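Engineer: Sharing a structure with you now.
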Amino acid sequence: MPILSSPFNYLAAALPLLTVIGLMIFKRWSGQRAGPAGLLIGVIVGTLAFGLNFEVLWVSALKGIMLALFVLAVLIPALLLYHLVTRSGGISALARWLEALIMDQHLMLIVIAWAFSGMLEGLAGFGLPIAIAAPMLVNFGVPPLNAVAAVAVGHSWAITFGDMGVIYQTLTAVTGLDGAVLAPYAALFLGAACVGCGFGAMHLLGFTHKWPTVFGLSLLMGTVQYLLAGANLTSIAALGAGAVGIIGAVLISRLRSGHSPKVPLNRPLIAALAVYGGLTLMMALVILIPPLYQSLNKLVWQIPVPALTTQTGFVTPAGATQAIRPLTHPGSLILIVFGISYWGFRRARLIEPGTWRPILSTTRRSAVPAAISISAMICLSMVMEHTGMTLLLAQGFSAALGAIFPVVSPLVGILGAFATGSNNNSNVLFAPLQMNIAGLLQVMPMILVGAQTAGGALGSMIAPAKLVIGCTTVGLDQRDGEVLRQTIIYALLIGVGVGALTLLLCLR
């Protein structure tokens, strides 16, 4: 039974999303608080206006929890490994190594704000690239405001395939799209974003004369990310692209200087390279050896769910929860590398006995708020999907904007990331909406979903939560609004560019 398209129903369907957005923008609530509040409003609105009953509610909750577990199984191991390498001095050693390798200081500063921060996003994310790279720029003489803004803009291209692929895993799970089919479209849009982010970081740092080098490196990074994503290596696509960008800058610097500096390798640096190099190799072997992948992929945990019908007659077909394959899940591989690395670091005396305690404590402080936010947002998305609220909003958007909606598609992602603080939450809330609009406009859903996540990535450069982290690390407390005023123009300009590319693909 179709849902009545009335102004009241449109407003009611939008109310849970407006609640989350309003609380985070105007009340400055974190996702940890706004997510559960939005979920509560979603349940109330669903019950009063869209016929939500107990069966629909518990199935939505079950599917949301399973999807959240799938995501957190990547997030927590990735944070554990990152904090282990940080404790050993590996991340700071990588930064010093980078400084010694790139002798052109202007290029080196751009690379730190853009490629190095993107590589860090590939490793862990959740504000860590800004927290690490912005102070590095300040130490090299960049004004604090410009440093935070440059890194906020510079690292955004890497966010969808960052965090060891956790955001992309969530995106494919919440949309049900084949990750291998979606990846090329997402990588294409993010490659265009990479060009814009590189130029934005360059402009903010005041080194616009480096545009030919930045353009060349952006093509290289975008191509590598596209190839890795297309090979189903989404967990390391951003990491690999950022690393190749750094290598490219090093080679350019050496060619221009005419000599190669001797850079000593210390133990923390070797350990960091071995850890992430080994993880990359392990992930590649598992995915690129079909017999091994197929054998490991047979173990699966998935719960079947019945067909659902709300009291207003909206029907959702029978299906299943998110499938969790523990032997090929990226989180399992990261956890194995963490265990081996911890043992190796202790043997090499790179960390003190009992270091696991502060590592666990630091990870818990990062993971618990993220877990609450992600779980609440995902459950809200499931409730809206299974009560028809998402479909109704899609019908309203498509009717209002028609064929020009693809131009706006990435801007929806930007709005979601600005409001909720992350690309992940933006995708959870709005990717199903983009899927429904794609169906109504009769375009391939991969195009609009790819544009959505590219926009969500760009929205991270104006997400208040991330800007606050950057400002705090460089001594700019309570000045995140000033940084926002610098970054918002870049988010909108790059977003419109991605929107134009989206429209072109839809018109093919």
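In the structure tokens, the first chain shown is A, the next is B, and so on; residue numbers restart at 1 for each chain, and ligands run from 1 in the order shown.
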May I have a table of the residues of range 106-219 of chain A lying at most 12 Å from range 400-411 of chain A, giving each one's closest pair of atoms and their distance in Å to one decimal, counting only C-alpha atoms, ordered by chain and ascending residue number, as CSV?
Structural biologist:
residue,atom,partner,partner_atom,distance
A:Ala186,CA,A:Pro410,CA,11.3
A:Phe189,CA,A:Pro410,CA,9.5
A:Leu190,CA,A:Pro410,CA,11.0
A:Ala193,CA,A:Pro410,CA,10.9
Engineer: Please produce a file of the residues just selected, as a PDB file, in the first residue's frame, where the atoms kept are all heavy atoms.
Structural biologist:
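Contents of selection23.pdb, as written:
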ATOM      1  N   ALA A 186      32.420   5.104  -6.870  1.00  0.00           N
ATOM      2  CA  ALA A 186      32.846   5.885  -5.708  1.00  0.00           C
ATOM      3  C   ALA A 186      34.275   6.393  -5.900  1.00  0.00           C
ATOM      4  O   ALA A 186      34.578   7.557  -5.604  1.00  0.00           O
ATOM      5  CB  ALA A 186      32.756   5.026  -4.444  1.00  0.00           C
ATOM      6  N   PHE A 189      34.442   9.446  -8.355  1.00  0.00           N
ATOM      7  CA  PHE A 189      34.055  10.708  -7.720  1.00  0.00           C
ATOM      8  C   PHE A 189      35.114  11.165  -6.717  1.00  0.00           C
ATOM      9  O   PHE A 189      35.423  12.353  -6.614  1.00  0.00           O
ATOM     10  CB  PHE A 189      32.703  10.561  -7.024  1.00  0.00           C
ATOM     11  CG  PHE A 189      31.554  10.351  -7.968  1.00  0.00           C
ATOM     12  CD1 PHE A 189      30.688   9.283  -7.824  1.00  0.00           C
ATOM     13  CD2 PHE A 189      31.332  11.230  -9.021  1.00  0.00           C
ATOM     14  CE1 PHE A 189      29.628   9.082  -8.696  1.00  0.00           C
ATOM     15  CE2 PHE A 189      30.276  11.047  -9.899  1.00  0.00           C
ATOM     16  CZ  PHE A 189      29.426   9.972  -9.742  1.00  0.00           C
ATOM     17  N   LEU A 190      35.673  10.225  -5.963  1.00  0.00           N
ATOM     18  CA  LEU A 190      36.687  10.578  -4.972  1.00  0.00           C
ATOM     19  C   LEU A 190      37.992  10.982  -5.636  1.00  0.00           C
ATOM     20  O   LEU A 190      38.756  11.772  -5.079  1.00  0.00           O
ATOM     21  CB  LEU A 190      36.908   9.395  -4.021  1.00  0.00           C
ATOM     22  CG  LEU A 190      35.721   9.120  -3.099  1.00  0.00           C
ATOM     23  CD1 LEU A 190      35.844   7.739  -2.475  1.00  0.00           C
ATOM     24  CD2 LEU A 190      35.612  10.179  -2.010  1.00  0.00           C
ATOM     25  N   ALA A 193      37.467  14.467  -6.348  1.00  0.00           N
ATOM     26  CA  ALA A 193      37.601  15.180  -5.071  1.00  0.00           C
ATOM     27  C   ALA A 193      39.063  15.320  -4.678  1.00  0.00           C
ATOM     28  O   ALA A 193      39.462  16.337  -4.088  1.00  0.00           O
ATOM     29  CB  ALA A 193      36.827  14.442  -3.982  1.00  0.00           C
TER      30      ALA A 193
END
Engineer: Can you list, as a PyMOL selection string, every protein, DNA or RNA residue that comes within 12 Å of range 497-507 of chain A when you count only C-alpha atoms, leaving out same-chain residues fewer than 4 positions away?
Structural biologist: chain A and resi 157+185-197+402-414+438+441-458+490-493
Engineer: With C-alpha atoms retained, write the just-selected residues as a PDB file, in the first residue's frame.
Structural biologist:
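That gives us selection-v9.pdb:
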ATOM      1  CA  TRP A 157      39.357  12.739  -0.398  1.00  0.00           C
ATOM      2  CA  TYR A 185      31.943   4.797  -9.233  1.00  0.00           C
ATOM      3  CA  ALA A 186      32.846   5.885  -5.708  1.00  0.00           C
ATOM      4  CA  ALA A 187      36.551   5.922  -6.620  1.00  0.00           C
ATOM      5  CA  LEU A 188      35.866   8.029  -9.726  1.00  0.00           C
ATOM      6  CA  PHE A 189      34.055  10.708  -7.720  1.00  0.00           C
ATOM      7  CA  LEU A 190      36.687  10.578  -4.972  1.00  0.00           C
ATOM      8  CA  GLY A 191      39.423  10.894  -7.581  1.00  0.00           C
ATOM      9  CA  ALA A 192      37.819  14.142  -8.733  1.00  0.00           C
ATOM     10  CA  ALA A 193      37.601  15.180  -5.071  1.00  0.00           C
ATOM     11  CA  CYS A 194      41.309  14.360  -4.658  1.00  0.00           C
ATOM     12  CA  VAL A 195      42.177  16.963  -7.289  1.00  0.00           C
ATOM     13  CA  GLY A 196      40.011  19.561  -5.564  1.00  0.00           C
ATOM     14  CA  CYS A 197      41.340  18.749  -2.095  1.00  0.00           C
ATOM     15  CA  GLY A 402      13.516  15.927 -11.107  1.00  0.00           C
ATOM     16  CA  ALA A 403      16.380  15.314 -13.518  1.00  0.00           C
ATOM     17  CA  ILE A 404      18.694  17.898 -11.912  1.00  0.00           C
ATOM     18  CA  PHE A 405      18.848  16.019  -8.587  1.00  0.00           C
ATOM     19  CA  PRO A 406      22.229  14.398  -9.466  1.00  0.00           C
ATOM     20  CA  VAL A 407      23.848  17.847  -9.185  1.00  0.00           C
ATOM     21  CA  VAL A 408      22.535  18.096  -5.625  1.00  0.00           C
ATOM     22  CA  SER A 409      23.358  14.484  -4.706  1.00  0.00           C
ATOM     23  CA  PRO A 410      26.858  15.134  -3.275  1.00  0.00           C
ATOM     24  CA  LEU A 411      25.579  18.254  -1.501  1.00  0.00           C
ATOM     25  CA  VAL A 412      23.152  16.000   0.410  1.00  0.00           C
ATOM     26  CA  GLY A 413      26.174  13.986   1.530  1.00  0.00           C
ATOM     27  CA  ILE A 414      27.979  17.181   2.565  1.00  0.00           C
ATOM     28  CA  ALA A 438      17.880   6.580  -8.252  1.00  0.00           C
ATOM     29  CA  LEU A 441      14.768   8.732 -11.729  1.00  0.00           C
ATOM     30  CA  GLN A 442      15.662   5.447 -13.446  1.00  0.00           C
ATOM     31  CA  VAL A 443      19.416   5.930 -13.125  1.00  0.00           C
ATOM     32  CA  MET A 444      21.983   3.432 -11.851  1.00  0.00           C
ATOM     33  CA  PRO A 445      21.965   3.524  -8.035  1.00  0.00           C
ATOM     34  CA  MET A 446      25.774   3.196  -7.953  1.00  0.00           C
ATOM     35  CA  ILE A 447      26.072   6.690  -9.417  1.00  0.00           C
ATOM     36  CA  LEU A 448      24.014   8.491  -6.774  1.00  0.00           C
ATOM     37  CA  VAL A 449      25.365   6.379  -3.912  1.00  0.00           C
ATOM     38  CA  GLY A 450      28.916   7.056  -5.127  1.00  0.00           C
ATOM     39  CA  ALA A 451      28.156  10.780  -5.261  1.00  0.00           C
ATOM     40  CA  GLN A 452      26.578  10.581  -1.800  1.00  0.00           C
ATOM     41  CA  THR A 453      29.674   9.120  -0.174  1.00  0.00           C
ATOM     42  CA  ALA A 454      31.980  11.499  -2.056  1.00  0.00           C
ATOM     43  CA  GLY A 455      29.884  14.363  -0.718  1.00  0.00           C
ATOM     44  CA  GLY A 456      29.949  12.866   2.761  1.00  0.00           C
ATOM     45  CA  ALA A 457      33.731  12.723   2.552  1.00  0.00           C
ATOM     46  CA  LEU A 458      33.914  16.378   1.481  1.00  0.00           C
ATOM     47  CA  TYR A 490      36.106  24.591  -0.681  1.00  0.00           C
ATOM     48  CA  ALA A 491      33.513  21.999   0.352  1.00  0.00           C
ATOM     49  CA  LEU A 492      30.821  23.675  -1.733  1.00  0.00           C
ATOM     50  CA  LEU A 493      33.014  24.286  -4.803  1.00  0.00           C
TER      51      LEU A 493
END
Engineer: Which parts of range 235-481 of chain A does DSSP call alpha helix (DSSP H) when run on the backbone here, written out as a PyMOL selection string?
Structural biologist: chain A and resi 237-257+267-288+290-296+330-347+356-387+389-401+405-420+423-441+445-459+464-473+480-481
Engineer: Pick out the closest residue to Ser373 in chain A from this set: A:Leu429, A:Val468, A:Val244, A:Ile340. Count only C-alpha atoms.
Structural biologist: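 For Ser373 in chain A, the nearest of the candidates is A:Leu429.
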Engineer: Rounded to one decimal, what separation in Å do you get between CA of Leu137 in chain A and CA of Gly216 in chain A?
Structural biologist: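 Those two atoms sit 22.5 Å apart.
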Engineer: Leaving out Trp58 in chain A and any residue of its chain fewer than 4 positions from it, which residues lie within 12 Å of it when counting only C-alpha atoms, given as a list in words?
Structural biologist: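 The contact residues come out as Val43, Leu52, Asn53, Phe54, Leu62, Lys63, Gly64, Ile65, Val305, Pro306, Leu308, Cys379, Met382, Val383 and His386 of chain A.
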Engineer: Please return, as a list in words, all residues of range 200-439 of chain A that DSSP assigns to strand (DSSP E or B) on the basis of the backbone.
Structural biologist: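 DSSP on the backbone gives strand (DSSP E or B) at Trp301, Pro304, Val305, Leu308, Thr309, Val315, Thr316, Gly319, Ala320 and Ile324 of chain A.
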Engineer: Which residue out of A:Thr170, A:Ser117, A:Thr328, A:Ser295 has the minimum interatomic distance to Val153 in chain A when only C-alpha atoms are used?
Structural biologist: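 Closest candidate: A:Ser117.
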Engineer: So how far away is CA of Leu220 in chain A from CA of Asp104 in chain A, in Å?
Structural biologist: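 We find that CA of Asp104 in chain A and CA of Leu220 in chain A lie 19.2 Å from each other.
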Engineer: Can you work out which one of A:Ala323, A:Gly354, A:Leu67, A:Val496 has the shortest atom-to-atom distance to Val174 in chain A, counting only C-alpha atoms?
Structural biologist: A:Leu67
Engineer: If we count only C-alpha atoms, what is near Ala371 in chain A at a cut-off of 10 Å, once residues fewer than 3 positions away on the same chain are taken out, given as a compact mmCIF listing (two decimals) with all heavy atoms, in the first residue's frame?
Structural biologist:
# COMPACT_ATOMS: atom_id res chain seq x y z
N GLY A 31 27.29 13.08 18.12
CA GLY A 31 26.52 11.99 17.58
C GLY A 31 26.13 10.97 18.63
O GLY A 31 25.10 10.29 18.52
N GLN A 32 26.93 10.89 19.70
CA GLN A 32 26.65 9.97 20.79
C GLN A 32 25.34 10.33 21.48
O GLN A 32 24.63 9.44 21.99
CB GLN A 32 27.81 10.03 21.80
CG GLN A 32 27.66 9.09 22.98
CD GLN A 32 28.80 9.24 23.97
OE1 GLN A 32 29.68 10.10 23.79
NE2 GLN A 32 28.81 8.43 25.01
N ALA A 68 25.85 -2.76 12.80
CA ALA A 68 26.77 -2.04 13.67
C ALA A 68 27.93 -2.93 14.12
O ALA A 68 29.08 -2.49 14.17
CB ALA A 68 26.01 -1.50 14.89
N LEU A 69 27.64 -4.19 14.44
CA LEU A 69 28.71 -5.12 14.80
C LEU A 69 29.69 -5.31 13.65
O LEU A 69 30.91 -5.38 13.86
CB LEU A 69 28.10 -6.48 15.19
CG LEU A 69 27.37 -6.55 16.53
CD1 LEU A 69 26.73 -7.92 16.70
CD2 LEU A 69 28.34 -6.27 17.68
N VAL A 71 30.48 -3.15 11.39
CA VAL A 71 31.30 -1.95 11.28
C VAL A 71 32.31 -1.87 12.42
O VAL A 71 33.50 -1.61 12.22
CB VAL A 71 30.41 -0.69 11.27
CG1 VAL A 71 31.25 0.57 11.30
CG2 VAL A 71 29.50 -0.70 10.06
N LEU A 72 31.84 -2.10 13.64
CA LEU A 72 32.71 -1.97 14.81
C LEU A 72 33.81 -3.02 14.82
O LEU A 72 34.87 -2.81 15.42
CB LEU A 72 31.87 -2.07 16.09
CG LEU A 72 30.87 -0.92 16.29
CD1 LEU A 72 29.97 -1.19 17.49
CD2 LEU A 72 31.60 0.41 16.45
N LEU A 75 36.43 -1.09 13.03
CA LEU A 75 36.84 0.13 13.72
C LEU A 75 37.74 -0.15 14.91
O LEU A 75 38.83 0.43 15.04
CB LEU A 75 35.58 0.89 14.18
CG LEU A 75 35.81 2.06 15.14
CD1 LEU A 75 36.66 3.13 14.48
CD2 LEU A 75 34.48 2.63 15.61
N ILE A 76 37.34 -1.05 15.78
CA ILE A 76 38.09 -1.27 17.02
C ILE A 76 39.48 -1.86 16.76
O ILE A 76 40.48 -1.36 17.28
CB ILE A 76 37.27 -2.15 17.99
CG1 ILE A 76 36.02 -1.37 18.43
CG2 ILE A 76 38.10 -2.55 19.20
CD1 ILE A 76 35.03 -2.17 19.24
N ARG A 364 39.26 2.60 23.82
CA ARG A 364 37.92 2.62 24.40
C ARG A 364 37.34 4.05 24.37
O ARG A 364 36.18 4.25 24.03
CB ARG A 364 37.95 2.11 25.83
CG ARG A 364 36.59 2.14 26.53
CD ARG A 364 36.71 1.72 27.99
NE ARG A 364 37.65 2.54 28.73
CZ ARG A 364 37.38 3.76 29.20
NH1 ARG A 364 36.18 4.30 28.99
NH2 ARG A 364 38.28 4.45 29.85
N SER A 366 37.93 6.37 22.29
CA SER A 366 37.55 6.73 20.93
C SER A 366 36.37 5.90 20.43
O SER A 366 35.49 6.40 19.73
CB SER A 366 38.74 6.51 19.98
OG SER A 366 39.86 7.27 20.36
N ALA A 367 36.38 4.61 20.78
CA ALA A 367 35.43 3.67 20.17
C ALA A 367 34.04 3.73 20.79
O ALA A 367 33.04 3.56 20.08
CB ALA A 367 35.97 2.25 20.26
N VAL A 368 33.94 3.95 22.10
CA VAL A 368 32.63 3.89 22.75
C VAL A 368 31.69 4.98 22.23
O VAL A 368 30.55 4.67 21.83
CB VAL A 368 32.78 3.97 24.29
CG1 VAL A 368 31.41 4.19 24.94
CG2 VAL A 368 33.41 2.68 24.83
N ILE A 374 27.16 5.32 15.91
CA ILE A 374 26.96 4.47 14.73
C ILE A 374 25.76 3.56 14.91
O ILE A 374 24.91 3.42 14.02
CB ILE A 374 28.24 3.65 14.44
CG1 ILE A 374 29.35 4.57 13.93
CG2 ILE A 374 27.96 2.53 13.44
CD1 ILE A 374 30.70 3.90 13.84
N SER A 375 25.65 2.93 16.07
CA SER A 375 24.55 2.00 16.32
C SER A 375 23.20 2.70 16.26
O SER A 375 22.25 2.20 15.64
CB SER A 375 24.73 1.32 17.69
OG SER A 375 25.94 0.59 17.74
N ALA A 376 23.12 3.87 16.90
CA ALA A 376 21.85 4.61 16.91
C ALA A 376 21.48 5.08 15.51
O ALA A 376 20.32 4.96 15.08
CB ALA A 376 21.94 5.80 17.86
N MET A 377 22.46 5.61 14.77
CA MET A 377 22.18 6.10 13.41
C MET A 377 21.74 4.96 12.50
O MET A 377 20.84 5.11 11.67
CB MET A 377 23.43 6.78 12.83
CG MET A 377 23.89 8.01 13.58
SD MET A 377 22.82 9.44 13.36
CE MET A 377 23.83 10.70 14.19
Engineer: Between A:Ile336, A:Ala231, A:Ile324, A:Ala318, which one has atoms that come closest to Met282 in chain A, using only C-alpha atoms?
Structural biologist: A:Ile336
Engineer: Tell me which protein, DNA and RNA residues are within 12 Å of Val142 in chain A, counting only C-alpha atoms, leaving out same-chain ones fewer than 5 positions away, and put them as an MDAnalysis selection string.
Structural biologist: chainID A and resid 105:106 109:110 112:113 133:137 147:151 204:207 474
Engineer: With only C-alpha atoms as the atoms that count, which of A:Val286, A:Leu81, A:Ala183, A:Ile132 lies nearest to Leu227 in chain A?
Structural biologist: A:Ala183
Engineer: Skip Gly331 in chain A itself and residues of its chain fewer than 5 positions away, then list as a PyMOL selection string all residues within 6 Å of it, counting only C-alpha atoms.
Structural biologist: chain A and resi 73-74+77
Engineer: Figure out the distance between CA of Phe116 in chain A and CA of Ser218 in chain A, please, to one decimal in Å.
Structural biologist: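 CA of Ser218 in chain A sits 12.9 Å away from CA of Phe116 in chain A.
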Engineer: Counting only C-alpha atoms, which residue out of A:Leu84, A:Leu11, A:Leu255, A:Leu433 sits closest to Trp343 in chain A?
Structural biologist: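 Ranked by minimum distance to Trp343 in chain A, first place goes to A:Leu84.
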